[in-house]
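**Q** One structure, pasted below without further comment.
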Amino acid sequence: MRDLQDDEYCLFINGGEGSDLWALLSDWSDSEDEEEWKKHIPRFSRLIRCWQRLGFIKVYQSGEWPAHLTSEAVTGQALDDLLADPAGWEDQDPDRWTCVGSGDRDIHELEEGMCDRER
């Protein structure tokens, strides 16, 4: 079985759980240090954008928890803006929750290099 140190596997598992963005960073870094988490935002922003376009993941933001059950998916420029906002990646008591959720495509359809072709 793959482990959470594989960024794609980490995103897949967190998406299946409807995890907050900060939880994705925490799992990936295996750290509670939010300063450490910030280093990984660019990696996961790129991967989330790619997977969202390919249908493997969805991103949700809502004023109610759990966001993946209480809102519509965020796409396009709104997704880019959301992922670029450092506050969306912080572990805090938010007035809006931001999380990743499973997309419409099965992970078994993911092929190596798909995100590289999307650039």
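Ordered as shown in the structure tokens, chains take letters A, B, and onward, while each chain numbers its residues from 1 and ligands are numbered from 1 in the order shown.
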Need to verify the contact set: Lys39 of chain A, 12 Å, only C-alpha atoms, exclusion of same-chain residues closer than 3 positions in sequence. Can you return it as a list in words?

**A** Leu25, Ser26, Trp28, Ser29, Ser31, Asp33, Glu34, Glu35, Glu36, Pro42, Arg43, Phe44, Ser45, Pro86 and Trp89 of chain A

**Q** Give me, as a Markdown table, the closest atom pair and its distance (Å, one decimal) for every residue of segment 37-56 of chain A within a cut-off of 10 Å of segment 103-108 of chain A, counting only C-alpha atoms, rows sorted by chain and rising number.

**A**
```
| residue | atom | partner | partner_atom | distance |
| --- | --- | --- | --- | --- |
| A:Trp51 | CA | A:Gly103 | CA | 8.4 |
| A:Gln52 | CA | A:Gly103 | CA | 7.4 |
| A:Arg53 | CA | A:Gly103 | CA | 9.8 |
| A:Leu54 | CA | A:Arg105 | CA | 8.0 |
| A:Gly55 | CA | A:Gly103 | CA | 5.2 |
| A:Phe56 | CA | A:Gly103 | CA | 4.3 |
```

**Q** Quick one: write out the picked residues with C-alpha atoms as an mmCIF file, in the first residue's frame?

**A**
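New file again-v6.cif:
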```cif
data_model
loop_
_atom_site.group_PDB
_atom_site.id
_atom_site.type_symbol
_atom_site.label_atom_id
_atom_site.label_comp_id
_atom_site.auth_asym_id
_atom_site.auth_seq_id
_atom_site.Cartn_x
_atom_site.Cartn_y
_atom_site.Cartn_z
ATOM 1 C CA TRP A 51 -6.943 16.984 -10.426
ATOM 2 C CA GLN A 52 -9.975 19.273 -10.307
ATOM 3 C CA ARG A 53 -9.753 19.872 -14.075
ATOM 4 C CA LEU A 54 -9.311 16.138 -14.668
ATOM 5 C CA GLY A 55 -12.256 15.259 -12.393
ATOM 6 C CA PHE A 56 -10.375 13.379 -9.652
#
```

**Q** Please report, as a PyMOL selection string, each residue of chain A to which DSSP assigns strand (DSSP E) when run on this structure's backbone.

**A** chain A and resi 57-62+97-102

**Q** Quick one: pull the distance between atom CA of Val59 of chain A and atom CA of Ala73 of chain A, Å, one decimal.

**A**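 We find that atom CA of Val59 of chain A and atom CA of Ala73 of chain A lie 5.4 Å from each other.
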
**Q** Between atom CA of Trp37 of chain A and atom CA of Glu109 of chain A, what is the distance, to one decimal in Å?

**A**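 Straight-line distance from atom CA of Trp37 of chain A to atom CA of Glu109 of chain A works out to 28.7 Å.
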
**Q** List as a PyMOL selection string the protein and nucleic acid residues near Asp80 of chain A, meaning an atom at most 10 Å away when only C-alpha atoms are counted, but skip any in the same chain fewer than 3 places from it.

**A** chain A and resi 45-46+48-49+74-77+83-85

**Q** State, in Å with one decimal place, the distance from atom CA of Asp27 of chain A to atom CA of Cys10 of chain A.

**A**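 Interatomic distance, atom CA of Asp27 of chain A to atom CA of Cys10 of chain A: 7.3 Å.
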
**Q** Which residue gives the smallest distance to Asn14 of chain A among A:Glu32, A:Leu69, A:Glu64, A:Ile57, with only C-alpha atoms counted?

**A**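 Under the stated criterion, the closest residue is A:Ile57.
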
**Q** Return the single residue from A:Ile41, A:Leu47, A:Val100, A:Leu82 that is closest to Ala67 of chain A, with distances computed using only C-alpha atoms.

**A**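 Smallest distance to Ala67 of chain A is found for A:Val100.
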
**Q** Among chain A, which ones does DSSP place in alpha helix (DSSP H), written as an MDAnalysis selection string?

**A** chainID A and resid 7:17 21:29 34:38 41:54 67:70 76:84 114:118

**Q** Between A:Glu72, A:Glu90, A:Asp81, A:Glu8, single out the one closest to Ala23 of chain A, counting only C-alpha atoms.

**A**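 Smallest distance to Ala23 of chain A is found for A:Glu90.
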